[in-house]
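The structure appears right after this line, and notes come after that.
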Amino acid sequence: MQNNTANRVIKHGYKIHPALFQLVEQEVLPGLGLDSEAFWHSFSDILSDFIPQNQQLLEKRVHLQQQIDNWHRNNKDFDANAYRKFLSDIGYIVPEGEDFSITTSKVDAEVATIAGPQLVVPLMNARYALNAANARWGSLYDALYGTDVIDESGGAGRSGGYNGRRGDKVIAFARDFLDKSLPLVSGSHKQTQSYFVENQRLVAVLADGEHTHLADESQFVGFNGEQAKPVSVLCQNHGLHIELQFDEHHLIGKTDNAGIKDIVLESALSTIQDCEDSIAAVDGEDKTDVYRNWLGLMRGDLSETLEKNGRELTRTLNADRHYLDARGEALVLPGRSLQFIRNVGHLMTTDAVLTSDDNEVPEGLVDGMITSLIALHDLKGNSPFKNSRHGSIYIVKPKMHGPEEVDFTCRLFSRIEQALGLEENTIKVGIMDEERRTSVNLKECIRAAKARVAFINTGFLDRTGDEIHTSMLAGPMARKELMKDEKWICAYEQRNVRIGLAAGLQGKGQIGKGMWAVPDQMANMLTTKVGHPLSGANCAWVPSPTAATLHVMHYHQVNVTKVQQQLMQQPATDDLADLLTLPLLANPQALTAEEIQAELDNNVQGLLGYVVRWVDLGIGCSKVPDIDDIGRMEDRATLRISSQHICNWLAHKILTQEQIMASLKRMAKVVDGQNAGDGAYRNMAPDFDNSIAFQAACDLIFKGKEQPSGYTEPLLHQSRRQVKAEKH
Ligand SMILES: CC(=O)SCCNC(=O)CCNC(=O)[C@H](O)C(C)(C)COP(=O)(O)OP(=O)(O)OC[C@H]1O[C@@H](n2cnc3c(N)ncnc32)[C@H](O)[C@@H]1OP(=O)(O)O
Ligand SMILES: O=CC(=O)O
Ligand SMILES: [Mg+2]
């Protein structure tokens with residue numbers, strides 16, 4: 001791919017994309033008190049020092065993978081002990097050192113001490129990014145009414161205008177939630193006729209006129225309005241706030257015994273603004289758009305005008321929330337989620353900055369520098385809002401392979417801090433445990449970041465892709481849907497919590513769990529995702545604000561601190577053997593032709609449905625219907641799984657090339673049909689040869705074995721850039 005070198009601004013030998021240069025000079029640097037020349041000088045020094053190291057780390061990945069491939073070629077009879085020894089001999093598994101505790105400081109409570117949902121959002125989409133930042137507080141009534149959590153039986157359907165029968169079910173569900181999280185001394189919230197404040201206590205009046213109180217009176221936090229007739233009452237449970245809002249003239253309030261019009265839950269405590277797998281930013285122009293959104297969030301002036309339900313509205317960041325505390329004194333709570341930014345990993349390069357000989361520079365280096373620079377606006381108080389009250393910058397670093405790569409990130413952050421005049425360890429790091437070499441060496445990875453690590457998180461989607469790719473030659477893999485029951489993944493999830501706790505993350509940072517990837521199945525999420533806090537995780541990913549408002553109920557139900565304390569009492573186990581158990585098909589011959597076809601078609605449908613929107617429309621995260629018509633969140637990590645899975649079955653002759661091509665062509669028509677309502681969409685069928693998206697999908701499968709770690713971004717980027725070039 002030819003890089004556009006026109007109109008570049010040369011800074012200390014590097015050629016800066018004009019859009020990025022303009023953004024930094026005209027929008028980012030003003031107000032930061034930094035000298036422009038000094039900034040570009042230190043940026044170029046950092047690039048010169050870190051580019052060769054970045055390259056070496058990538059070469060090491062390739063070298064290790066080659067040795068693993070050779071080992072599988074030469075060891076058809078798998079011996080687990082010999083395999084483990086081999087991995088240690090080649091340095092894939094590193095020796096574990098003494099126990100230690102992380103020393104990270106200045107971590108905000110949303111990360112360190114309060115357990116709750118973490119929302120992830122594509123930063124390229126300002127409408128969603130703003131919505132996510134504002135998802136700190138969400139209406140429980142809306143979340144219940146609008147999703148399958150409330151069943152439609154008995155005339156409680158969702159279509160049409162407000163359905164009172166459905167509303168009654170919502171209110172009953174919510175009252176039940178109040179009874180569990182804010183129990184009363186006597187009676188139930190289901191019987192309350194009113195609430196008021198008296199002598200710094202919350203009083204609930206029951207149907208028979210009895211005045212009762214909260215069983216734990218310290219749960220009452222504050223109110224708004226008159227003590228005798230509050231318009232809202234604020235309580236808390238496990239550090240999470242619950243707001244009861246009253247209005248007896250409101251559509252809902254007037255049907256409610258106590259005049260409650262809504263119950264608002266503190267929901268997404270933290271949000272990850274994503275520059276990585278949920279977006280499609282392939283060049284300097286795209287990167288600049290993404291950085292501009294981050295700037296708007298950090299400067300507090302991001303806004304987006306949109307049309308919703310036939311009305312135009314302008315979305316901006318929500319203000320903080322004001323109350324009177326129990327004593328009647330002012331109380332202010334954050335109106336927005338605490339924001340992390342996810343940078344890209346070490347693999348990709350970007351033309352946002354070119355070297356003197358026109359080579360792209362590692363994208364992660366540019367992300368690190370520019371997103372930190374932008375976050376300085378928050379630290380310097382240039383926004384009417386505050387993100388980190390402790391003056392920290394939170395960067396999630398994905399797809400790192402082992403402790404050396406974590407160390408590289410930390411050294412990069414340290415240099416960025418020096419360049420920006422920040423105190424050492426201002427930039428906190430979230431380590432995604434989503435590559436196998438990180439999982440097997442997790443303790444050493446955390447040690448490498450022990451003064452700045454603020455979270456570890458099991459990115460099980462990428463991790464599954466890496467599991468397949470790393471052992472590509474070992475044999476055919478289990479079916480995709482059954483992967484979640486395999487020994488390695490159970491060990492991976494438990495081990496991550498165990499090692500995180502042993503390294504002292506409790507009270508200092510997050511031990512996180514992965515994404516709920518079926519955005520419309522909220523009832524299923526409500527029964528299943530409680531498993532995350534129960535496993536000792538103090539946060540877990542959700543795909544939408546609604547999911548955050550529902551998932552937060554799990555943290556009311558489970559006291560994660562107590563779970564963690566119990567887990568810390570348990571003796572350490574050697575779970576490495578389980579972690580290294582390959583998820584191979586127990587009996588490939590037992591698969592029926594129908595099962596094979598269904599597995600293939602399902603993978604192909606998801607893959608095509610995602611890739612076509614990525615390549616042709618630049619949409620990095622989509623809800624794509626699977627073969628059973630269930631909408632699934634697809635991003636680059638889920639694509640990594642499906643492409644690597646097909647590739648693996650092809651490599652082991654469960655599938656043939658012809659069979660895959662036939663499925664691709666058949667499923668392309670299905671996907672075209674699914675997108676028929678979208679005017680911007682371009683069909684893949686029948687002119688397959690001229691569809692860049694279709695060709696990209698083929699390459700992801702047929703060239704999948706050769707892709708570094710099975711990643712999808714090199715091919716996606718190349719194809720998207722081709723589409724963009726054709727449009728210009
Ligand atoms: C493996 C990994 O890396 S996982 C991390 C990467 N994945 C993600 O970040 C997933 C983020 N989620 C999403 O992008 C979306 O929820 C999708 C693509 C899954 C579904 O999107 P859609 O089909 O547009 O959702 P749907 O139509 O149900 O809802 C749209 C509404 O929800 C909001 N919404 C949906 N997801 C989000 C989100 N993550 N953050 C904020 N708002 C969101 C939209 O703003 C929109 O509301 P609006 O009209 O008021 O603006
Ligand atoms: O980034 C998350 C994942 O599951 O991959
Ligand atoms: Mg990932």
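Order determines the names: the first chain of the structure tokens is A, the second B, and so forth; residues in each chain are numbered 1 upward, and ligands are numbered 1 upward as they are shown.
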Kindly provide the residues of chain A that approach ligand 3 to within 9 Å, each paired with its closest atom pair and their distance in Å to one decimal, based on only C-alpha atoms and all ligand atoms, listed by chain and increasing number, as JSON lines.
{"residue": "A:Glu276", "atom": "CA", "partner": "ligand 3", "partner_atom_place_in_ligand_line": "1 (Mg)", "distance": 8.3}
{"residue": "A:Asp277", "atom": "CA", "partner": "ligand 3", "partner_atom_place_in_ligand_line": "1 (Mg)", "distance": 6.6}
{"residue": "A:Pro398", "atom": "CA", "partner": "ligand 3", "partner_atom_place_in_ligand_line": "1 (Mg)", "distance": 6.3}
{"residue": "A:Lys399", "atom": "CA", "partner": "ligand 3", "partner_atom_place_in_ligand_line": "1 (Mg)", "distance": 6.6}
{"residue": "A:Met432", "atom": "CA", "partner": "ligand 3", "partner_atom_place_in_ligand_line": "1 (Mg)", "distance": 7.3}
{"residue": "A:Asp433", "atom": "CA", "partner": "ligand 3", "partner_atom_place_in_ligand_line": "1 (Mg)", "distance": 8.7}
{"residue": "A:Glu434", "atom": "CA", "partner": "ligand 3", "partner_atom_place_in_ligand_line": "1 (Mg)", "distance": 6.2}
{"residue": "A:Glu435", "atom": "CA", "partner": "ligand 3", "partner_atom_place_in_ligand_line": "1 (Mg)", "distance": 8.7}
{"residue": "A:Thr458", "atom": "CA", "partner": "ligand 3", "partner_atom_place_in_ligand_line": "1 (Mg)", "distance": 8.7}
{"residue": "A:Gly459", "atom": "CA", "partner": "ligand 3", "partner_atom_place_in_ligand_line": "1 (Mg)", "distance": 5.1}
{"residue": "A:Phe460", "atom": "CA", "partner": "ligand 3", "partner_atom_place_in_ligand_line": "1 (Mg)", "distance": 7.3}
{"residue": "A:Leu461", "atom": "CA", "partner": "ligand 3", "partner_atom_place_in_ligand_line": "1 (Mg)", "distance": 6.1}
{"residue": "A:Asp462", "atom": "CA", "partner": "ligand 3", "partner_atom_place_in_ligand_line": "1 (Mg)", "distance": 4.5}
{"residue": "A:Arg463", "atom": "CA", "partner": "ligand 3", "partner_atom_place_in_ligand_line": "1 (Mg)", "distance": 7.3}
{"residue": "A:Gly514", "atom": "CA", "partner": "ligand 3", "partner_atom_place_in_ligand_line": "1 (Mg)", "distance": 8.9}
{"residue": "A:Asp635", "atom": "CA", "partner": "ligand 3", "partner_atom_place_in_ligand_line": "1 (Mg)", "distance": 8.8}
{"residue": "A:Arg636", "atom": "CA", "partner": "ligand 3", "partner_atom_place_in_ligand_line": "1 (Mg)", "distance": 7.7}
{"residue": "A:Ala637", "atom": "CA", "partner": "ligand 3", "partner_atom_place_in_ligand_line": "1 (Mg)", "distance": 5.4}
{"residue": "A:Thr638", "atom": "CA", "partner": "ligand 3", "partner_atom_place_in_ligand_line": "1 (Mg)", "distance": 8.6}
Could those residues be written to a file, using N, CA and C atoms, as a compact mmCIF listing (two decimals), in the first residue's frame?
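Final file, again.txt:
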# COMPACT_ATOMS: atom_id res chain seq x y z
N GLU A 276 -9.09 0.46 19.64
CA GLU A 276 -8.58 -0.79 19.11
C GLU A 276 -9.63 -1.60 18.36
N ASP A 277 -9.99 -2.76 18.92
CA ASP A 277 -10.70 -3.75 18.11
C ASP A 277 -12.13 -3.43 17.72
N PRO A 398 -3.76 -3.56 24.95
CA PRO A 398 -4.20 -4.90 24.56
C PRO A 398 -3.07 -5.73 23.94
N LYS A 399 -3.34 -7.01 23.80
CA LYS A 399 -2.55 -7.91 22.94
C LYS A 399 -1.04 -7.89 23.20
N MET A 432 -4.39 -6.32 29.31
CA MET A 432 -5.33 -7.32 28.79
C MET A 432 -4.60 -8.67 28.81
N ASP A 433 -5.17 -9.60 29.57
CA ASP A 433 -4.62 -10.96 29.56
C ASP A 433 -5.34 -11.69 28.43
N GLU A 434 -4.86 -11.47 27.19
CA GLU A 434 -5.61 -12.01 26.06
C GLU A 434 -4.72 -12.68 25.02
N GLU A 435 -3.47 -12.88 25.40
CA GLU A 435 -2.58 -13.67 24.54
C GLU A 435 -2.01 -14.77 25.41
N THR A 458 -9.52 -10.50 31.58
CA THR A 458 -9.47 -11.65 30.67
C THR A 458 -10.21 -11.32 29.38
N GLY A 459 -9.47 -10.97 28.37
CA GLY A 459 -10.04 -10.77 27.04
C GLY A 459 -10.14 -12.13 26.38
N PHE A 460 -11.21 -12.85 26.76
CA PHE A 460 -11.27 -14.27 26.36
C PHE A 460 -11.49 -14.45 24.86
N LEU A 461 -11.92 -13.38 24.18
CA LEU A 461 -12.18 -13.54 22.74
C LEU A 461 -10.85 -13.58 21.98
N ASP A 462 -10.05 -12.55 22.16
CA ASP A 462 -8.71 -12.63 21.55
C ASP A 462 -7.95 -13.85 22.03
N ARG A 463 -8.13 -14.12 23.30
CA ARG A 463 -7.37 -15.23 23.90
C ARG A 463 -7.72 -16.56 23.22
N GLY A 514 -14.52 -10.60 30.79
CA GLY A 514 -14.73 -10.18 29.41
C GLY A 514 -16.15 -9.80 29.03
N ASP A 635 -16.37 -8.15 16.68
CA ASP A 635 -15.30 -7.18 16.52
C ASP A 635 -14.08 -7.93 16.00
N ARG A 636 -12.93 -7.28 16.03
CA ARG A 636 -11.77 -7.94 15.42
C ARG A 636 -11.38 -9.21 16.16
N ALA A 637 -11.70 -9.25 17.46
CA ALA A 637 -11.32 -10.44 18.23
C ALA A 637 -12.22 -11.63 17.89
N THR A 638 -13.52 -11.38 17.70
CA THR A 638 -14.40 -12.50 17.33
C THR A 638 -14.07 -12.95 15.91
Which residues in region 132-211 of chain A does DSSP call alpha helix (DSSP H)? List them as a tab-separated table (two decimals) with N, CA and C atoms, in the first residue's frame.
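Writing the result to out21.tsv gives the following:
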chain	number	residue	atom	x	y	z
A	132	ALA	N	-21.70	6.53	26.19
A	132	ALA	CA	-20.98	5.65	27.12
A	132	ALA	C	-20.44	6.43	28.31
A	133	ALA	N	-19.87	7.61	28.03
A	133	ALA	CA	-19.35	8.42	29.13
A	133	ALA	C	-20.48	8.78	30.09
A	140	LEU	N	-33.32	2.08	35.53
A	140	LEU	CA	-33.62	0.65	35.66
A	140	LEU	C	-34.94	0.34	34.96
A	141	TYR	N	-35.88	1.26	35.06
A	141	TYR	CA	-37.18	1.02	34.42
A	141	TYR	C	-37.03	0.87	32.91
A	142	ASP	N	-36.23	1.77	32.31
A	142	ASP	CA	-36.04	1.67	30.85
A	142	ASP	C	-35.30	0.38	30.49
A	143	ALA	N	-34.29	0.03	31.29
A	143	ALA	CA	-33.50	-1.17	30.98
A	143	ALA	C	-34.37	-2.42	31.06
A	144	LEU	N	-35.28	-2.44	32.00
A	144	LEU	CA	-36.15	-3.61	32.14
A	144	LEU	C	-37.24	-3.61	31.06
A	145	TYR	N	-37.88	-2.46	30.91
A	145	TYR	CA	-39.01	-2.36	29.97
A	145	TYR	C	-38.57	-2.69	28.54
A	164	GLY	N	-49.18	-0.73	30.17
A	164	GLY	CA	-49.28	-0.75	31.63
A	164	GLY	C	-49.01	-2.11	32.23
A	165	ARG	N	-49.40	-3.17	31.50
A	165	ARG	CA	-49.16	-4.53	32.06
A	165	ARG	C	-47.66	-4.79	32.14
A	166	ARG	N	-46.98	-4.38	31.10
A	166	ARG	CA	-45.52	-4.54	31.12
A	166	ARG	C	-44.93	-3.64	32.23
A	167	GLY	N	-45.46	-2.43	32.30
A	167	GLY	CA	-45.01	-1.49	33.32
A	167	GLY	C	-45.16	-2.08	34.72
A	168	ASP	N	-46.27	-2.75	34.96
A	168	ASP	CA	-46.49	-3.35	36.29
A	168	ASP	C	-45.43	-4.41	36.60
A	169	LYS	N	-45.08	-5.18	35.55
A	169	LYS	CA	-44.04	-6.20	35.77
A	169	LYS	C	-42.68	-5.55	36.08
A	170	VAL	N	-42.44	-4.44	35.38
A	170	VAL	CA	-41.18	-3.72	35.61
A	170	VAL	C	-41.13	-3.25	37.06
A	171	ILE	N	-42.24	-2.65	37.50
A	171	ILE	CA	-42.27	-2.10	38.87
A	171	ILE	C	-42.11	-3.21	39.89
A	172	ALA	N	-42.76	-4.36	39.64
A	172	ALA	CA	-42.65	-5.49	40.59
A	172	ALA	C	-41.20	-5.98	40.65
A	173	PHE	N	-40.57	-6.09	39.49
A	173	PHE	CA	-39.17	-6.54	39.44
A	173	PHE	C	-38.28	-5.58	40.23
A	174	ALA	N	-38.51	-4.28	39.98
A	174	ALA	CA	-37.65	-3.27	40.61
A	174	ALA	C	-37.86	-3.24	42.13
A	175	ARG	N	-39.09	-3.42	42.57
A	175	ARG	CA	-39.35	-3.43	44.02
A	175	ARG	C	-38.65	-4.63	44.68
A	176	ASP	N	-38.65	-5.74	43.93
A	176	ASP	CA	-37.96	-6.92	44.43
A	176	ASP	C	-36.46	-6.64	44.58
A	177	PHE	N	-35.92	-5.93	43.59
A	177	PHE	CA	-34.51	-5.55	43.64
A	177	PHE	C	-34.25	-4.66	44.87
A	178	LEU	N	-35.18	-3.72	45.12
A	178	LEU	CA	-35.00	-2.83	46.29
A	178	LEU	C	-35.02	-3.64	47.59
A	179	ASP	N	-35.92	-4.61	47.67
A	179	ASP	CA	-35.99	-5.42	48.89
A	179	ASP	C	-34.67	-6.15	49.14
A	180	LYS	N	-34.05	-6.60	48.04
A	180	LYS	CA	-32.79	-7.35	48.22
A	180	LYS	C	-31.62	-6.42	48.50
A	181	SER	N	-31.60	-5.25	47.88
A	181	SER	CA	-30.41	-4.42	48.07
A	181	SER	C	-30.56	-3.37	49.16
(request) Please indicate the distance in Å from CA of Val670 (chain A) to CA of Glu594 (chain A), rounded to one decimal place. (result)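 That distance, rounded to one decimal, is 18.8 Å.
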(request) Fewer than 6 positions away in the same chain doesn't count, so skip those; otherwise give me all residues within 12 Å of Ser48 (chain A), counting only C-alpha atoms, as number ranges by chain. (result) A: 12-14, 41-42, 54-55, 354-356, 361-362, 365, 412
What does the file look like for those residues with N, CA and C atoms, as a PDB file, in the first residue's frame?
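Saved file out-v8.pdb follows:
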ATOM      1  N   HIS A  12      11.864  16.854  13.020  1.00  0.00           N
ATOM      2  CA  HIS A  12      13.022  16.057  13.494  1.00  0.00           C
ATOM      3  C   HIS A  12      13.137  14.746  12.723  1.00  0.00           C
ATOM      4  N   GLY A  13      12.949  14.832  11.431  1.00  0.00           N
ATOM      5  CA  GLY A  13      13.133  13.656  10.571  1.00  0.00           C
ATOM      6  C   GLY A  13      11.860  12.856  10.354  1.00  0.00           C
ATOM      7  N   TYR A  14      10.834  13.072  11.144  1.00  0.00           N
ATOM      8  CA  TYR A  14       9.574  12.328  10.965  1.00  0.00           C
ATOM      9  C   TYR A  14       8.588  13.175  10.177  1.00  0.00           C
ATOM     10  N   HIS A  41       9.951  17.377  19.450  1.00  0.00           N
ATOM     11  CA  HIS A  41      11.313  16.871  19.648  1.00  0.00           C
ATOM     12  C   HIS A  41      11.289  15.618  20.520  1.00  0.00           C
ATOM     13  N   SER A  42      10.581  15.695  21.626  1.00  0.00           N
ATOM     14  CA  SER A  42      10.577  14.516  22.502  1.00  0.00           C
ATOM     15  C   SER A  42       9.806  13.357  21.858  1.00  0.00           C
ATOM     16  N   ASN A  54      10.413  -2.183  19.378  1.00  0.00           N
ATOM     17  CA  ASN A  54       9.099  -2.707  19.005  1.00  0.00           C
ATOM     18  C   ASN A  54       9.278  -3.799  17.945  1.00  0.00           C
ATOM     19  N   GLN A  55      10.125  -3.512  16.977  1.00  0.00           N
ATOM     20  CA  GLN A  55      10.378  -4.461  15.896  1.00  0.00           C
ATOM     21  C   GLN A  55      10.945  -5.779  16.443  1.00  0.00           C
ATOM     22  N   LEU A 354       5.295   9.113   9.472  1.00  0.00           N
ATOM     23  CA  LEU A 354       6.205   8.299   8.660  1.00  0.00           C
ATOM     24  C   LEU A 354       7.647   8.621   9.036  1.00  0.00           C
ATOM     25  N   THR A 355       8.503   7.629   8.856  1.00  0.00           N
ATOM     26  CA  THR A 355       9.930   7.885   9.072  1.00  0.00           C
ATOM     27  C   THR A 355      10.470   8.662   7.864  1.00  0.00           C
ATOM     28  N   SER A 356      11.728   9.085   7.945  1.00  0.00           N
ATOM     29  CA  SER A 356      12.299   9.870   6.832  1.00  0.00           C
ATOM     30  C   SER A 356      12.287   9.070   5.532  1.00  0.00           C
ATOM     31  N   VAL A 361       5.191   4.226  11.251  1.00  0.00           N
ATOM     32  CA  VAL A 361       5.737   3.963  12.596  1.00  0.00           C
ATOM     33  C   VAL A 361       4.741   3.110  13.380  1.00  0.00           C
ATOM     34  N   PRO A 362       5.185   2.430  14.439  1.00  0.00           N
ATOM     35  CA  PRO A 362       4.251   1.617  15.226  1.00  0.00           C
ATOM     36  C   PRO A 362       3.104   2.467  15.777  1.00  0.00           C
ATOM     37  N   LEU A 365       2.875   3.400  19.544  1.00  0.00           N
ATOM     38  CA  LEU A 365       3.716   4.491  20.049  1.00  0.00           C
ATOM     39  C   LEU A 365       2.990   5.825  19.858  1.00  0.00           C
ATOM     40  N   LEU A 412       7.785   2.811  27.762  1.00  0.00           N
ATOM     41  CA  LEU A 412       7.228   3.827  26.869  1.00  0.00           C
ATOM     42  C   LEU A 412       6.432   4.860  27.675  1.00  0.00           C
TER      43      LEU A 412
END
Mind running chain A against ligand 1 at 8 Å and telling me each contacting residue's nearest atom pair with the distance in Å (one decimal), counting only C-alpha atoms and all ligand atoms, chain and number ascending, as JSON lines?
{"residue": "A:Leu119", "atom": "CA", "partner": "ligand 1", "partner_atom_place_in_ligand_line": "39 (N)", "distance": 6.2}
{"residue": "A:Val120", "atom": "CA", "partner": "ligand 1", "partner_atom_place_in_ligand_line": "9 (O)", "distance": 4.1}
{"residue": "A:Val121", "atom": "CA", "partner": "ligand 1", "partner_atom_place_in_ligand_line": "39 (N)", "distance": 4.0}
{"residue": "A:Pro122", "atom": "CA", "partner": "ligand 1", "partner_atom_place_in_ligand_line": "9 (O)", "distance": 5.3}
{"residue": "A:Arg127", "atom": "CA", "partner": "ligand 1", "partner_atom_place_in_ligand_line": "51 (O)", "distance": 5.5}
{"residue": "A:Tyr128", "atom": "CA", "partner": "ligand 1", "partner_atom_place_in_ligand_line": "45 (O)", "distance": 4.0}
{"residue": "A:Ala129", "atom": "CA", "partner": "ligand 1", "partner_atom_place_in_ligand_line": "41 (C)", "distance": 5.7}
{"residue": "A:Leu130", "atom": "CA", "partner": "ligand 1", "partner_atom_place_in_ligand_line": "41 (C)", "distance": 7.0}
{"residue": "A:Asn131", "atom": "CA", "partner": "ligand 1", "partner_atom_place_in_ligand_line": "41 (C)", "distance": 4.5}
{"residue": "A:Ala132", "atom": "CA", "partner": "ligand 1", "partner_atom_place_in_ligand_line": "41 (C)", "distance": 3.8}
{"residue": "A:Ala133", "atom": "CA", "partner": "ligand 1", "partner_atom_place_in_ligand_line": "41 (C)", "distance": 7.5}
{"residue": "A:Ala135", "atom": "CA", "partner": "ligand 1", "partner_atom_place_in_ligand_line": "41 (C)", "distance": 7.2}
{"residue": "A:Ile272", "atom": "CA", "partner": "ligand 1", "partner_atom_place_in_ligand_line": "9 (O)", "distance": 7.9}
{"residue": "A:Asp274", "atom": "CA", "partner": "ligand 1", "partner_atom_place_in_ligand_line": "9 (O)", "distance": 6.7}
{"residue": "A:Glu276", "atom": "CA", "partner": "ligand 1", "partner_atom_place_in_ligand_line": "3 (O)", "distance": 7.5}
{"residue": "A:Asp277", "atom": "CA", "partner": "ligand 1", "partner_atom_place_in_ligand_line": "3 (O)", "distance": 5.3}
{"residue": "A:Ser278", "atom": "CA", "partner": "ligand 1", "partner_atom_place_in_ligand_line": "6 (C)", "distance": 4.6}
{"residue": "A:Leu306", "atom": "CA", "partner": "ligand 1", "partner_atom_place_in_ligand_line": "51 (O)", "distance": 7.9}
{"residue": "A:Lys308", "atom": "CA", "partner": "ligand 1", "partner_atom_place_in_ligand_line": "49 (O)", "distance": 6.4}
{"residue": "A:Gly459", "atom": "CA", "partner": "ligand 1", "partner_atom_place_in_ligand_line": "1 (C)", "distance": 6.3}
{"residue": "A:Phe460", "atom": "CA", "partner": "ligand 1", "partner_atom_place_in_ligand_line": "1 (C)", "distance": 7.5}
{"residue": "A:Leu461", "atom": "CA", "partner": "ligand 1", "partner_atom_place_in_ligand_line": "1 (C)", "distance": 5.3}
{"residue": "A:Asp462", "atom": "CA", "partner": "ligand 1", "partner_atom_place_in_ligand_line": "1 (C)", "distance": 6.3}
{"residue": "A:Gly514", "atom": "CA", "partner": "ligand 1", "partner_atom_place_in_ligand_line": "4 (S)", "distance": 7.3}
{"residue": "A:Met515", "atom": "CA", "partner": "ligand 1", "partner_atom_place_in_ligand_line": "4 (S)", "distance": 5.4}
{"residue": "A:Ala517", "atom": "CA", "partner": "ligand 1", "partner_atom_place_in_ligand_line": "19 (C)", "distance": 7.4}
{"residue": "A:Val518", "atom": "CA", "partner": "ligand 1", "partner_atom_place_in_ligand_line": "19 (C)", "distance": 7.9}
{"residue": "A:Pro519", "atom": "CA", "partner": "ligand 1", "partner_atom_place_in_ligand_line": "19 (C)", "distance": 5.9}
{"residue": "A:Asp520", "atom": "CA", "partner": "ligand 1", "partner_atom_place_in_ligand_line": "28 (O)", "distance": 7.0}
{"residue": "A:Trp541", "atom": "CA", "partner": "ligand 1", "partner_atom_place_in_ligand_line": "4 (S)", "distance": 7.6}
{"residue": "A:Val542", "atom": "CA", "partner": "ligand 1", "partner_atom_place_in_ligand_line": "10 (C)", "distance": 7.5}
{"residue": "A:Pro543", "atom": "CA", "partner": "ligand 1", "partner_atom_place_in_ligand_line": "12 (N)", "distance": 4.3}
{"residue": "A:Ser544", "atom": "CA", "partner": "ligand 1", "partner_atom_place_in_ligand_line": "37 (C)", "distance": 4.0}
{"residue": "A:Pro545", "atom": "CA", "partner": "ligand 1", "partner_atom_place_in_ligand_line": "41 (C)", "distance": 5.6}
{"residue": "A:Thr546", "atom": "CA", "partner": "ligand 1", "partner_atom_place_in_ligand_line": "32 (O)", "distance": 7.7}
{"residue": "A:Gly620", "atom": "CA", "partner": "ligand 1", "partner_atom_place_in_ligand_line": "14 (O)", "distance": 7.9}
{"residue": "A:Cys621", "atom": "CA", "partner": "ligand 1", "partner_atom_place_in_ligand_line": "18 (C)", "distance": 4.8}
{"residue": "A:Ser622", "atom": "CA", "partner": "ligand 1", "partner_atom_place_in_ligand_line": "18 (C)", "distance": 3.8}
{"residue": "A:Lys623", "atom": "CA", "partner": "ligand 1", "partner_atom_place_in_ligand_line": "18 (C)", "distance": 4.8}
{"residue": "A:Arg632", "atom": "CA", "partner": "ligand 1", "partner_atom_place_in_ligand_line": "19 (C)", "distance": 7.2}
{"residue": "A:Met633", "atom": "CA", "partner": "ligand 1", "partner_atom_place_in_ligand_line": "19 (C)", "distance": 4.5}
{"residue": "A:Glu634", "atom": "CA", "partner": "ligand 1", "partner_atom_place_in_ligand_line": "19 (C)", "distance": 7.0}
{"residue": "A:Asp635", "atom": "CA", "partner": "ligand 1", "partner_atom_place_in_ligand_line": "6 (C)", "distance": 6.1}
{"residue": "A:Arg636", "atom": "CA", "partner": "ligand 1", "partner_atom_place_in_ligand_line": "1 (C)", "distance": 7.0}
{"residue": "A:Ala637", "atom": "CA", "partner": "ligand 1", "partner_atom_place_in_ligand_line": "1 (C)", "distance": 4.9}
{"residue": "A:Thr638", "atom": "CA", "partner": "ligand 1", "partner_atom_place_in_ligand_line": "1 (C)", "distance": 6.5}
(message) I'd like to know which of A:Tyr711, A:Tyr291, A:Phe43, A:Phe220 is closest to ligand 2, using only C-alpha atoms and all ligand atoms.
(response)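 For ligand 2, the nearest of the given residues is A:Tyr711.
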(request) Name the closest residue to Ala449 (chain A) among the candidates A:Thr464, A:Glu423, A:Lys85, A:Thr104; distances are taken between atoms, counting only C-alpha atoms. (result) A:Thr104
(request) May I have the residues within 6 Å of Lys669 (chain A) as a PyMOL selection string, using only C-alpha atoms and disregarding those fewer than 3 positions away in the same chain? (result) chain A and resi 666+672+685
Prev. selection, N, CA and C atoms, output as a compact mmCIF listing (two decimals), in the first residue's frame:
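Listed below is the output, out_30.txt:
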# COMPACT_ATOMS: atom_id res chain seq x y z
N ARG A 666 -22.42 -18.62 -0.72
CA ARG A 666 -23.81 -18.78 -0.27
C ARG A 666 -24.13 -17.78 0.84
N ASP A 672 -25.88 -10.11 2.32
CA ASP A 672 -26.41 -9.02 1.48
C ASP A 672 -27.88 -8.79 1.81
N ALA A 685 -22.44 -10.33 -3.52
CA ALA A 685 -22.86 -11.26 -4.57
C ALA A 685 -23.57 -10.47 -5.67
(request) Might you pull out every residue within 9 Å of Thr305 (chain A), with only C-alpha atoms counted and same-chain residues fewer than 2 positions away left off, and present them as a ChimeraX atom specification? (result) /A:127,303,307,312-316
(request) Just the residues within 9 Å of region 256-260 of chain A, please, counting only C-alpha atoms, with nothing from its chain fewer than 6 positions along; format it as a PyMOL selection string. (result) chain A and resi 168+171+190-195+205+207+232+244-250
(message) List as a PyMOL selection string the protein and nucleic acid residues near Trp614 (chain A), meaning an atom at most 10 Å away when only C-alpha atoms are counted, but skip any in the same chain fewer than 3 places from it.
(response) chain A and resi 278-281+608-611+617-622+635-636+693+716-717+719-720
